[in-house]
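> Questions regarding the structure given below will be posed in turn.
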Amino acid sequence: MPPPKWKVRYLRLVRKVHRLVRHRRLRHREWWKPIRARLVDRRLWHPCRDTVAGGVSIGLFFSMMPMPFQTIAALAIAARAKVNIPFTFAACWVTNPLTEIPIRAFQLGFGRWMRENLGLAVPAIGDTTIPPQVSNFIMGVLVSGVLLALVAYPLVHLFSALLPNHLPIKAPKLNASPRAERRSSVY
């Protein structure tokens, strides 16, 4: 039985991006070498239950943060944590230009609701108090990011348990590259 179309498309996309990351024009740039060393690890590109769950959690957390280059920050953390890179990237795009305004409005209202119902005081920095709108927004952003990440991890595991053919429990065994084998034999 041939693999499903979505799986073939996913693997083609991963191959294209993986080739792009290893492009010969970028390969010898000094600033790219530390990033490239983590990103070319093929185990971070093949989906399995644990790496996808971690990648989705990191991506969703950073998608809730109102910061420039949130995807780059999420990918750096994902590469460091050795979780799935493509799923981290995809989860970062929950906040896209169409969903940005409703999500930020929800975060502001959620922070206000938390401050009012939990009886939290408006924080102060030195002698100045932070305006209530700003403190509501910061609280809403942080708590929504943490909650979304905490909920995503078990949901991915549940998805994997219900549909084991779509998301395997263990990553496929990959042959080490000849360069990696040479390095391991030297030590």
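In the structure tokens, the first chain shown is A, the next is B, and so on; residue numbers restart at 1 for each chain, and ligands run from 1 in the order shown.
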Counting only C-alpha atoms, what is within 6 Å of segment 52-65 of chain A, bar same-chain residues fewer than 2 positions away, as an NGL selection string?
:A and (47-50 or 67 or 70 or 74 or 83-84 or 87-88 or 91-92 or 95 or 145 or 149 or 152-153 or 156)
> Skipping near chain neighbours, those fewer than 6 positions away, what residues fall within 9 Å of Val143 of chain A using only C-alpha atoms, listed as a PDB file with C-alpha atoms, in the first residue's frame?

```pdb
ATOM      1  CA  GLN A 107      -4.700  37.924  25.625  1.00  0.00           C
ATOM      2  CA  PHE A 110      -7.577  37.089  29.572  1.00  0.00           C
ATOM      3  CA  GLY A 111      -4.960  39.046  31.532  1.00  0.00           C
TER       4      GLY A 111
END
```
> Do a neighbour search on Gly140 of chain A at 9 Å with only C-alpha atoms, toss out local chain neighbours closer than 4 positions, and write the hits as a VMD selection string.
chain A and resid 104 106 to 114 135 to 136 144 to 145
> Kindly indicate which residue among A:Leu158, A:Leu147, A:Phe69, A:Arg115 lies nearest to Gln133 of chain A, using only C-alpha atoms for the distances.
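Comparing A:Leu158, A:Leu147, A:Phe69, A:Arg115 against Gln133 of chain A, the winner is A:Arg115.
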> From a DSSP pass on the backbone, collect the residues of segment 13-184 of chain A flagged as strand (DSSP E) and hand them back as a list in words.
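After running DSSP on the backbone, segment 13-184 of chain A has strand (DSSP E) at Ala124, Ile125, Thr128 and Thr129 of chain A.
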> Take the residues from that selection and write them out as an mmCIF file, in the first residue's frame, keeping N, CA and C atoms.

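As written to disk, again26.cif reads:
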```cif
data_model
loop_
_atom_site.group_PDB
_atom_site.id
_atom_site.type_symbol
_atom_site.label_atom_id
_atom_site.label_comp_id
_atom_site.auth_asym_id
_atom_site.auth_seq_id
_atom_site.Cartn_x
_atom_site.Cartn_y
_atom_site.Cartn_z
ATOM 1 N N ALA A 124 4.808 46.876 40.151
ATOM 2 C CA ALA A 124 5.516 48.153 40.096
ATOM 3 C C ALA A 124 6.991 47.890 39.844
ATOM 4 N N ILE A 125 7.602 48.787 39.099
ATOM 5 C CA ILE A 125 9.043 48.741 38.869
ATOM 6 C C ILE A 125 9.621 49.976 39.537
ATOM 7 N N THR A 128 7.519 53.494 40.073
ATOM 8 C CA THR A 128 6.458 53.649 39.078
ATOM 9 C C THR A 128 5.668 52.353 38.926
ATOM 10 N N THR A 129 4.371 52.503 38.820
ATOM 11 C CA THR A 129 3.517 51.338 38.578
ATOM 12 C C THR A 129 3.333 51.170 37.080
#
```
> Can you pull out every residue from chain A that DSSP, working from the backbone, puts in alpha helix (DSSP H), and format the result as a tab-separated table (two decimals) with N, CA, C and O atoms, in the first residue's frame?

```
chain	number	residue	atom	x	y	z
A	5	LYS	N	-0.85	10.66	0.61
A	5	LYS	CA	-0.33	11.81	-0.15
A	5	LYS	C	0.27	12.87	0.77
A	5	LYS	O	1.28	13.49	0.45
A	6	TRP	N	-0.36	13.10	1.94
A	6	TRP	CA	0.15	14.13	2.83
A	6	TRP	C	1.55	13.78	3.33
A	6	TRP	O	2.39	14.64	3.52
A	7	LYS	N	1.80	12.48	3.52
A	7	LYS	CA	3.11	12.06	4.01
A	7	LYS	C	4.17	12.26	2.93
A	7	LYS	O	5.29	12.71	3.21
A	8	VAL	N	3.82	11.95	1.70
A	8	VAL	CA	4.76	12.14	0.58
A	8	VAL	C	5.06	13.63	0.42
A	8	VAL	O	6.22	14.03	0.24
A	9	ARG	N	4.04	14.47	0.50
A	9	ARG	CA	4.26	15.92	0.38
A	9	ARG	C	5.13	16.44	1.52
A	9	ARG	O	6.00	17.29	1.32
A	10	TYR	N	4.85	15.97	2.74
A	10	TYR	CA	5.64	16.40	3.89
A	10	TYR	C	7.11	16.02	3.70
A	10	TYR	O	8.00	16.84	3.91
A	11	LEU	N	7.36	14.79	3.29
A	11	LEU	CA	8.75	14.35	3.11
A	11	LEU	C	9.45	15.11	1.99
A	11	LEU	O	10.64	15.42	2.09
A	12	ARG	N	8.73	15.43	0.91
A	12	ARG	CA	9.32	16.24	-0.16
A	12	ARG	C	9.67	17.64	0.35
A	12	ARG	O	10.75	18.17	0.04
A	13	LEU	N	8.77	18.23	1.11
A	13	LEU	CA	9.03	19.56	1.67
A	13	LEU	C	10.23	19.53	2.60
A	13	LEU	O	11.10	20.40	2.54
A	14	VAL	N	10.31	18.52	3.43
A	14	VAL	CA	11.44	18.39	4.36
A	14	VAL	C	12.74	18.25	3.59
A	14	VAL	O	13.74	18.87	3.93
A	15	ARG	N	12.73	17.43	2.53
A	15	ARG	CA	13.94	17.26	1.73
A	15	ARG	C	14.38	18.58	1.10
A	15	ARG	O	15.56	18.91	1.08
A	16	LYS	N	13.42	19.34	0.58
A	16	LYS	CA	13.77	20.63	-0.05
A	16	LYS	C	14.36	21.60	0.96
A	16	LYS	O	15.37	22.25	0.69
A	17	VAL	N	13.74	21.70	2.12
A	17	VAL	CA	14.24	22.62	3.15
A	17	VAL	C	15.59	22.15	3.66
A	17	VAL	O	16.50	22.95	3.89
A	18	HIS	N	15.74	20.86	3.83
A	18	HIS	CA	17.01	20.32	4.31
A	18	HIS	C	18.13	20.62	3.32
A	18	HIS	O	19.25	20.96	3.72
A	19	ARG	N	17.85	20.51	2.02
A	19	ARG	CA	18.85	20.87	1.01
A	19	ARG	C	19.16	22.36	1.05
A	19	ARG	O	20.32	22.76	0.87
A	20	LEU	N	18.15	23.17	1.27
A	20	LEU	CA	18.34	24.61	1.34
A	20	LEU	C	19.24	24.99	2.51
A	20	LEU	O	20.12	25.84	2.39
A	21	VAL	N	19.04	24.35	3.65
A	21	VAL	CA	19.86	24.62	4.83
A	21	VAL	C	21.32	24.24	4.58
A	21	VAL	O	22.23	24.89	5.07
A	24	ARG	N	25.45	25.13	-0.67
A	24	ARG	CA	26.90	25.34	-0.72
A	24	ARG	C	27.29	26.80	-0.51
A	24	ARG	O	28.40	27.08	-0.05
A	25	ARG	N	26.42	27.74	-0.83
A	25	ARG	CA	26.77	29.15	-0.61
A	25	ARG	C	26.71	29.52	0.86
A	25	ARG	O	27.38	30.46	1.29
A	26	LEU	N	25.91	28.82	1.63
A	26	LEU	CA	25.81	29.10	3.06
A	26	LEU	C	26.78	28.25	3.88
A	26	LEU	O	27.10	28.60	5.01
A	27	ARG	N	27.21	27.16	3.34
A	27	ARG	CA	27.96	26.16	4.08
A	27	ARG	C	29.21	26.71	4.76
A	27	ARG	O	29.54	26.30	5.87
A	33	LYS	N	27.58	28.45	10.53
A	33	LYS	CA	28.07	27.13	10.95
A	33	LYS	C	27.44	26.62	12.25
A	33	LYS	O	27.04	25.47	12.31
A	34	PRO	N	27.33	27.43	13.32
A	34	PRO	CA	26.71	26.88	14.54
A	34	PRO	C	25.23	26.55	14.35
A	34	PRO	O	24.73	25.58	14.90
A	35	ILE	N	24.55	27.35	13.56
A	35	ILE	CA	23.13	27.11	13.31
A	35	ILE	C	22.97	25.86	12.46
A	35	ILE	O	22.15	24.99	12.74
A	36	ARG	N	23.78	25.78	11.42
A	36	ARG	CA	23.71	24.67	10.48
A	36	ARG	C	24.00	23.34	11.15
A	36	ARG	O	23.38	22.33	10.84
A	37	ALA	N	24.93	23.33	12.09
A	37	ALA	CA	25.31	22.08	12.75
A	37	ALA	C	24.10	21.42	13.41
A	37	ALA	O	23.96	20.20	13.38
A	38	ARG	N	23.23	22.23	13.99
A	38	ARG	CA	22.03	21.66	14.63
A	38	ARG	C	20.93	21.37	13.61
A	38	ARG	O	20.23	20.38	13.73
A	39	LEU	N	20.77	22.24	12.64
A	39	LEU	CA	19.64	22.10	11.72
A	39	LEU	C	19.79	20.94	10.74
A	39	LEU	O	18.79	20.46	10.24
A	49	ARG	N	6.52	10.77	17.93
A	49	ARG	CA	5.62	11.31	18.94
A	49	ARG	C	6.29	12.31	19.87
A	49	ARG	O	5.78	13.41	20.06
A	50	ASP	N	7.41	11.98	20.43
A	50	ASP	CA	8.03	12.86	21.42
A	50	ASP	C	8.60	14.14	20.80
A	50	ASP	O	8.45	15.23	21.35
A	51	THR	N	9.26	14.01	19.64
A	51	THR	CA	9.84	15.22	19.03
A	51	THR	C	8.77	16.15	18.49
A	51	THR	O	8.91	17.37	18.57
A	52	VAL	N	7.69	15.59	17.96
A	52	VAL	CA	6.61	16.43	17.46
A	52	VAL	C	5.90	17.13	18.62
A	52	VAL	O	5.58	18.32	18.55
A	53	ALA	N	5.67	16.41	19.71
A	53	ALA	CA	5.01	17.02	20.87
A	53	ALA	C	5.84	18.18	21.42
A	53	ALA	O	5.31	19.27	21.71
A	54	GLY	N	7.14	17.98	21.54
A	54	GLY	CA	8.00	19.07	22.00
A	54	GLY	C	8.05	20.22	21.03
A	54	GLY	O	8.02	21.40	21.42
A	55	GLY	N	8.13	19.91	19.74
A	55	GLY	CA	8.18	20.96	18.73
A	55	GLY	C	6.90	21.79	18.68
A	55	GLY	O	6.95	23.02	18.58
A	56	VAL	N	5.76	21.13	18.76
A	56	VAL	CA	4.49	21.86	18.74
A	56	VAL	C	4.36	22.72	20.00
A	56	VAL	O	3.92	23.87	19.94
A	57	SER	N	4.79	22.20	21.13
A	57	SER	CA	4.71	22.98	22.37
A	57	SER	C	5.59	24.23	22.30
A	57	SER	O	5.15	25.32	22.66
A	58	ILE	N	6.81	24.07	21.84
A	58	ILE	CA	7.70	25.23	21.73
A	58	ILE	C	7.16	26.22	20.71
A	58	ILE	O	7.15	27.43	20.94
A	59	GLY	N	6.70	25.72	19.58
A	59	GLY	CA	6.17	26.61	18.55
A	59	GLY	C	4.94	27.37	19.01
A	59	GLY	O	4.80	28.57	18.75
A	60	LEU	N	4.03	26.70	19.71
A	60	LEU	CA	2.83	27.39	20.19
A	60	LEU	C	3.17	28.41	21.28
A	60	LEU	O	2.54	29.47	21.35
A	61	PHE	N	4.12	28.08	22.14
A	61	PHE	CA	4.53	29.06	23.16
A	61	PHE	C	5.05	30.33	22.50
A	61	PHE	O	4.64	31.44	22.84
A	62	PHE	N	5.94	30.16	21.53
A	62	PHE	CA	6.50	31.34	20.88
A	62	PHE	C	5.51	32.03	19.96
A	62	PHE	O	5.64	33.22	19.70
A	63	SER	N	4.50	31.33	19.48
A	63	SER	CA	3.49	31.99	18.65
A	63	SER	C	2.66	32.97	19.47
A	63	SER	O	2.13	33.93	18.94
A	70	GLN	N	9.87	35.72	16.04
A	70	GLN	CA	9.52	34.66	16.99
A	70	GLN	C	9.81	33.28	16.43
A	70	GLN	O	10.16	32.37	17.17
A	71	THR	N	9.71	33.12	15.12
A	71	THR	CA	9.98	31.82	14.51
A	71	THR	C	11.45	31.46	14.64
A	71	THR	O	11.79	30.31	14.93
A	72	ILE	N	12.33	32.42	14.47
A	72	ILE	CA	13.77	32.16	14.58
A	72	ILE	C	14.12	31.77	16.01
A	72	ILE	O	14.89	30.83	16.25
A	73	ALA	N	13.53	32.47	16.99
A	73	ALA	CA	13.77	32.12	18.39
A	73	ALA	C	13.25	30.72	18.70
A	73	ALA	O	13.92	29.94	19.37
A	74	ALA	N	12.07	30.39	18.17
A	74	ALA	CA	11.50	29.06	18.41
A	74	ALA	C	12.36	27.98	17.77
A	74	ALA	O	12.58	26.92	18.37
A	75	LEU	N	12.86	28.22	16.56
A	75	LEU	CA	13.70	27.23	15.90
A	75	LEU	C	15.02	27.04	16.62
A	75	LEU	O	15.55	25.92	16.69
A	76	ALA	N	15.58	28.12	17.17
A	76	ALA	CA	16.83	28.00	17.92
A	76	ALA	C	16.62	27.16	19.18
A	76	ALA	O	17.43	26.28	19.50
A	77	ILE	N	15.52	27.40	19.88
A	77	ILE	CA	15.22	26.61	21.08
A	77	ILE	C	14.91	25.16	20.69
A	77	ILE	O	15.33	24.23	21.38
A	78	ALA	N	14.18	24.97	19.59
A	78	ALA	CA	13.84	23.62	19.15
A	78	ALA	C	15.09	22.83	18.77
A	78	ALA	O	15.20	21.64	19.10
A	79	ALA	N	16.02	23.47	18.08
A	79	ALA	CA	17.25	22.77	17.71
A	79	ALA	C	18.07	22.44	18.96
A	79	ALA	O	18.66	21.36	19.05
A	80	ARG	N	18.07	23.33	19.91
A	80	ARG	CA	18.80	23.08	21.17
A	80	ARG	C	18.16	21.95	21.97
A	80	ARG	O	18.85	21.14	22.56
A	81	ALA	N	16.81	21.92	21.96
A	81	ALA	CA	16.07	20.88	22.70
A	81	ALA	C	15.96	19.58	21.92
A	81	ALA	O	15.42	18.60	22.44
A	85	ILE	N	11.86	20.12	13.97
A	85	ILE	CA	12.00	21.47	13.42
A	85	ILE	C	10.78	21.87	12.57
A	85	ILE	O	10.23	22.96	12.76
A	86	PRO	N	10.31	21.05	11.61
A	86	PRO	CA	9.18	21.49	10.78
A	86	PRO	C	7.90	21.74	11.57
A	86	PRO	O	7.17	22.68	11.29
A	87	PHE	N	7.62	20.92	12.57
A	87	PHE	CA	6.42	21.13	13.36
A	87	PHE	C	6.55	22.37	14.25
A	87	PHE	O	5.56	23.05	14.51
A	88	THR	N	7.74	22.67	14.71
A	88	THR	CA	7.96	23.90	15.47
A	88	THR	C	7.69	25.10	14.58
A	88	THR	O	7.00	26.05	14.99
A	89	PHE	N	8.20	25.06	13.37
A	89	PHE	CA	8.00	26.15	12.42
A	89	PHE	C	6.52	26.34	12.12
A	89	PHE	O	6.00	27.46	12.12
A	90	ALA	N	5.82	25.23	11.87
A	90	ALA	CA	4.39	25.32	11.54
A	90	ALA	C	3.57	25.84	12.72
A	90	ALA	O	2.64	26.64	12.53
A	91	ALA	N	3.91	25.43	13.93
A	91	ALA	CA	3.15	25.88	15.09
A	91	ALA	C	3.36	27.37	15.37
A	91	ALA	O	2.49	28.02	15.95
A	92	CYS	N	4.48	27.90	14.95
A	92	CYS	CA	4.72	29.35	15.14
A	92	CYS	C	3.75	30.19	14.32
A	92	CYS	O	3.51	31.34	14.65
A	100	GLU	N	-3.63	37.58	14.20
A	100	GLU	CA	-2.85	38.36	15.17
A	100	GLU	C	-3.74	39.25	16.06
A	100	GLU	O	-3.63	39.22	17.28
A	101	ILE	N	-4.61	40.02	15.47
A	101	ILE	CA	-5.43	40.97	16.24
A	101	ILE	C	-6.39	40.25	17.18
A	101	ILE	O	-6.47	40.61	18.36
A	102	PRO	N	-7.14	39.23	16.73
A	102	PRO	CA	-8.02	38.55	17.69
A	102	PRO	C	-7.27	37.86	18.83
A	102	PRO	O	-7.74	37.88	19.97
A	103	ILE	N	-6.11	37.30	18.55
A	103	ILE	CA	-5.35	36.64	19.61
A	103	ILE	C	-4.84	37.65	20.61
A	103	ILE	O	-4.92	37.44	21.83
A	104	ARG	N	-4.32	38.78	20.14
A	104	ARG	CA	-3.83	39.80	21.08
A	104	ARG	C	-4.97	40.40	21.90
A	104	ARG	O	-4.80	40.69	23.09
A	105	ALA	N	-6.15	40.58	21.30
A	105	ALA	CA	-7.31	41.07	22.06
A	105	ALA	C	-7.72	40.05	23.12
A	105	ALA	O	-8.05	40.42	24.26
A	106	PHE	N	-7.69	38.77	22.77
A	106	PHE	CA	-8.00	37.73	23.75
A	106	PHE	C	-7.00	37.75	24.89
A	106	PHE	O	-7.38	37.62	26.06
A	107	GLN	N	-5.72	37.91	24.58
A	107	GLN	CA	-4.70	37.92	25.62
A	107	GLN	C	-4.88	39.10	26.57
A	107	GLN	O	-4.71	38.96	27.78
A	108	LEU	N	-5.26	40.25	26.04
A	108	LEU	CA	-5.52	41.40	26.88
A	108	LEU	C	-6.71	41.13	27.81
A	108	LEU	O	-6.65	41.38	29.02
A	109	GLY	N	-7.79	40.61	27.25
A	109	GLY	CA	-8.97	40.29	28.07
A	109	GLY	C	-8.69	39.18	29.07
A	109	GLY	O	-9.18	39.22	30.21
A	110	PHE	N	-7.92	38.19	28.67
A	110	PHE	CA	-7.58	37.09	29.57
A	110	PHE	C	-6.74	37.59	30.74
A	110	PHE	O	-6.95	37.20	31.89
A	111	GLY	N	-5.78	38.46	30.46
A	111	GLY	CA	-4.96	39.05	31.53
A	111	GLY	C	-5.80	39.89	32.48
A	111	GLY	O	-5.61	39.83	33.70
A	112	ARG	N	-6.73	40.67	31.93
A	112	ARG	CA	-7.62	41.47	32.76
A	112	ARG	C	-8.48	40.57	33.64
A	112	ARG	O	-8.64	40.81	34.83
A	113	TRP	N	-9.03	39.50	33.04
A	113	TRP	CA	-9.88	38.58	33.79
A	113	TRP	C	-9.08	37.92	34.92
A	113	TRP	O	-9.56	37.79	36.05
A	114	MET	N	-7.84	37.52	34.63
A	114	MET	CA	-7.01	36.89	35.66
A	114	MET	C	-6.69	37.85	36.79
A	114	MET	O	-6.76	37.49	37.96
A	115	ARG	N	-6.36	39.09	36.44
A	115	ARG	CA	-6.01	40.06	37.48
A	115	ARG	C	-7.21	40.39	38.36
A	115	ARG	O	-7.09	40.49	39.58
A	116	GLU	N	-8.38	40.52	37.75
A	116	GLU	CA	-9.57	40.85	38.53
A	116	GLU	C	-10.06	39.68	39.37
A	116	GLU	O	-10.42	39.85	40.53
A	117	ASN	N	-10.11	38.49	38.80
A	117	ASN	CA	-10.66	37.34	39.51
A	117	ASN	C	-9.70	36.69	40.49
A	117	ASN	O	-10.13	36.05	41.44
A	118	LEU	N	-8.41	36.80	40.25
A	118	LEU	CA	-7.43	36.22	41.16
A	118	LEU	C	-6.92	37.23	42.18
A	118	LEU	O	-6.15	36.88	43.07
A	132	PRO	N	-2.22	49.48	34.03
A	132	PRO	CA	-2.99	48.22	34.10
A	132	PRO	C	-3.14	47.52	32.75
A	132	PRO	O	-3.09	46.29	32.70
A	133	GLN	N	-3.31	48.26	31.67
A	133	GLN	CA	-3.47	47.63	30.36
A	133	GLN	C	-2.21	46.85	29.98
A	133	GLN	O	-2.29	45.75	29.45
A	134	VAL	N	-1.06	47.42	30.27
A	134	VAL	CA	0.21	46.76	29.93
A	134	VAL	C	0.40	45.51	30.78
A	134	VAL	O	0.77	44.45	30.28
A	135	SER	N	0.12	45.63	32.07
A	135	SER	CA	0.29	44.45	32.94
A	135	SER	C	-0.72	43.36	32.59
A	135	SER	O	-0.40	42.18	32.64
A	136	ASN	N	-1.94	43.75	32.21
A	136	ASN	CA	-2.93	42.76	31.77
A	136	ASN	C	-2.44	42.03	30.53
A	136	ASN	O	-2.56	40.80	30.43
A	137	PHE	N	-1.90	42.79	29.58
A	137	PHE	CA	-1.43	42.19	28.34
A	137	PHE	C	-0.26	41.25	28.58
A	137	PHE	O	-0.22	40.13	28.06
A	138	ILE	N	0.71	41.68	29.39
A	138	ILE	CA	1.88	40.85	29.67
A	138	ILE	C	1.46	39.56	30.37
A	138	ILE	O	1.92	38.47	30.02
A	139	MET	N	0.56	39.67	31.32
A	139	MET	CA	0.09	38.48	32.03
A	139	MET	C	-0.66	37.55	31.07
A	139	MET	O	-0.48	36.34	31.09
A	140	GLY	N	-1.51	38.12	30.23
A	140	GLY	CA	-2.26	37.32	29.27
A	140	GLY	C	-1.36	36.61	28.28
A	140	GLY	O	-1.58	35.45	27.93
A	141	VAL	N	-0.31	37.30	27.82
A	141	VAL	CA	0.63	36.72	26.86
A	141	VAL	C	1.37	35.55	27.48
A	141	VAL	O	1.44	34.45	26.92
A	142	LEU	N	1.94	35.76	28.66
A	142	LEU	CA	2.73	34.71	29.29
A	142	LEU	C	1.90	33.50	29.68
A	142	LEU	O	2.27	32.36	29.42
A	143	VAL	N	0.76	33.75	30.32
A	143	VAL	CA	-0.07	32.63	30.77
A	143	VAL	C	-0.67	31.87	29.59
A	143	VAL	O	-0.71	30.63	29.59
A	144	SER	N	-1.12	32.60	28.55
A	144	SER	CA	-1.68	31.88	27.39
A	144	SER	C	-0.61	31.06	26.68
A	144	SER	O	-0.87	29.96	26.21
A	145	GLY	N	0.61	31.58	26.59
A	145	GLY	CA	1.69	30.82	25.97
A	145	GLY	C	2.03	29.55	26.75
A	145	GLY	O	2.18	28.47	26.17
A	146	VAL	N	2.13	29.67	28.06
A	146	VAL	CA	2.45	28.51	28.89
A	146	VAL	C	1.32	27.49	28.85
A	146	VAL	O	1.54	26.29	28.71
A	147	LEU	N	0.08	27.96	28.98
A	147	LEU	CA	-1.06	27.03	28.96
A	147	LEU	C	-1.18	26.31	27.62
A	147	LEU	O	-1.44	25.10	27.58
A	148	LEU	N	-1.00	27.03	26.54
A	148	LEU	CA	-1.09	26.42	25.21
A	148	LEU	C	0.00	25.36	25.02
A	148	LEU	O	-0.25	24.29	24.48
A	149	ALA	N	1.20	25.66	25.49
A	149	ALA	CA	2.30	24.69	25.38
A	149	ALA	C	2.02	23.46	26.24
A	149	ALA	O	2.27	22.33	25.82
A	150	LEU	N	1.50	23.68	27.44
A	150	LEU	CA	1.22	22.55	28.33
A	150	LEU	C	0.07	21.68	27.82
A	150	LEU	O	0.06	20.48	28.05
A	151	VAL	N	-0.88	22.27	27.14
A	151	VAL	CA	-2.01	21.51	26.60
A	151	VAL	C	-1.61	20.78	25.32
A	151	VAL	O	-2.06	19.66	25.06
A	152	ALA	N	-0.74	21.38	24.52
A	152	ALA	CA	-0.35	20.79	23.23
A	152	ALA	C	0.42	19.49	23.40
A	152	ALA	O	0.21	18.55	22.63
A	153	TYR	N	1.27	19.41	24.39
A	153	TYR	CA	2.12	18.22	24.56
A	153	TYR	C	1.29	16.95	24.76
A	153	TYR	O	1.46	15.99	24.02
A	154	PRO	N	0.35	16.91	25.73
A	154	PRO	CA	-0.44	15.68	25.87
A	154	PRO	C	-1.41	15.45	24.70
A	154	PRO	O	-1.74	14.31	24.40
A	155	LEU	N	-1.85	16.52	24.04
A	155	LEU	CA	-2.74	16.33	22.89
A	155	LEU	C	-2.03	15.63	21.73
A	155	LEU	O	-2.64	14.79	21.06
A	156	VAL	N	-0.78	15.94	21.51
A	156	VAL	CA	-0.03	15.26	20.47
A	156	VAL	C	0.16	13.79	20.84
A	156	VAL	O	0.04	12.91	20.00
A	157	HIS	N	0.42	13.52	22.11
A	157	HIS	CA	0.56	12.14	22.56
A	157	HIS	C	-0.77	11.39	22.41
A	157	HIS	O	-0.78	10.21	22.04
A	158	LEU	N	-1.88	12.04	22.70
A	158	LEU	CA	-3.19	11.43	22.53
A	158	LEU	C	-3.45	11.14	21.05
A	158	LEU	O	-3.93	10.06	20.71
A	159	PHE	N	-3.13	12.09	20.19
A	159	PHE	CA	-3.28	11.89	18.75
A	159	PHE	C	-2.46	10.68	18.29
A	159	PHE	O	-2.92	9.87	17.51
A	160	SER	N	-1.24	10.58	18.80
A	160	SER	CA	-0.38	9.47	18.43
A	160	SER	C	-0.93	8.14	18.93
A	160	SER	O	-0.80	7.11	18.27
A	161	ALA	N	-1.56	8.15	20.10
A	161	ALA	CA	-2.13	6.91	20.64
A	161	ALA	C	-3.36	6.50	19.84
A	161	ALA	O	-3.58	5.31	19.61
A	162	LEU	N	-4.16	7.47	19.42
A	162	LEU	CA	-5.38	7.16	18.68
A	162	LEU	C	-5.09	6.79	17.22
A	162	LEU	O	-5.78	5.95	16.64
A	178	PRO	N	28.84	9.42	6.71
A	178	PRO	CA	30.24	8.97	6.77
A	178	PRO	C	31.10	9.91	7.60
A	178	PRO	O	32.00	9.47	8.30
A	179	ARG	N	30.81	11.19	7.56
A	179	ARG	CA	31.59	12.15	8.33
A	179	ARG	C	31.38	11.91	9.83
A	179	ARG	O	32.33	11.94	10.60
A	180	ALA	N	30.14	11.65	10.25
A	180	ALA	CA	29.86	11.38	11.66
A	180	ALA	C	30.54	10.08	12.09
A	180	ALA	O	31.03	9.97	13.22
A	181	GLU	N	30.56	9.08	11.20
A	181	GLU	CA	31.21	7.82	11.55
A	181	GLU	C	32.71	8.01	11.71
A	181	GLU	O	33.32	7.46	12.61
A	182	ARG	N	33.32	8.85	10.87
A	182	ARG	CA	34.75	9.12	10.99
A	182	ARG	C	35.06	9.82	12.29
A	182	ARG	O	36.04	9.52	12.95
A	183	ARG	N	34.19	10.80	12.66
A	183	ARG	CA	34.43	11.53	13.92
A	183	ARG	C	34.32	10.60	15.11
A	183	ARG	O	35.09	10.69	16.05
A	184	SER	N	33.33	9.69	15.11
A	184	SER	CA	33.16	8.79	16.26
A	184	SER	C	34.29	7.77	16.35
A	184	SER	O	34.63	7.33	17.42
A	185	SER	N	34.86	7.38	15.22
A	185	SER	CA	35.95	6.40	15.26
A	185	SER	C	37.26	7.03	15.73
A	185	SER	O	38.13	6.35	16.23
A	186	VAL	N	37.39	8.35	15.58
A	186	VAL	CA	38.61	9.03	15.99
A	186	VAL	C	38.69	9.11	17.51
A	186	VAL	O	39.73	8.99	18.11
```
> When distances are computed from only C-alpha atoms, which of A:Leu163, A:Arg22, A:Pro66, A:Lys170 shows the smallest separation from Asp41 of chain A?
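Nearest candidate to Asp41 of chain A out of A:Leu163, A:Arg22, A:Pro66, A:Lys170: A:Arg22.
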> Could you work out how far atom CA of Thr99 of chain A lies from atom CA of Pro68 of chain A, giving the answer in Å with one decimal?
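Computed distance, atom CA of Pro68 of chain A to atom CA of Thr99 of chain A, equals 15.9 Å.
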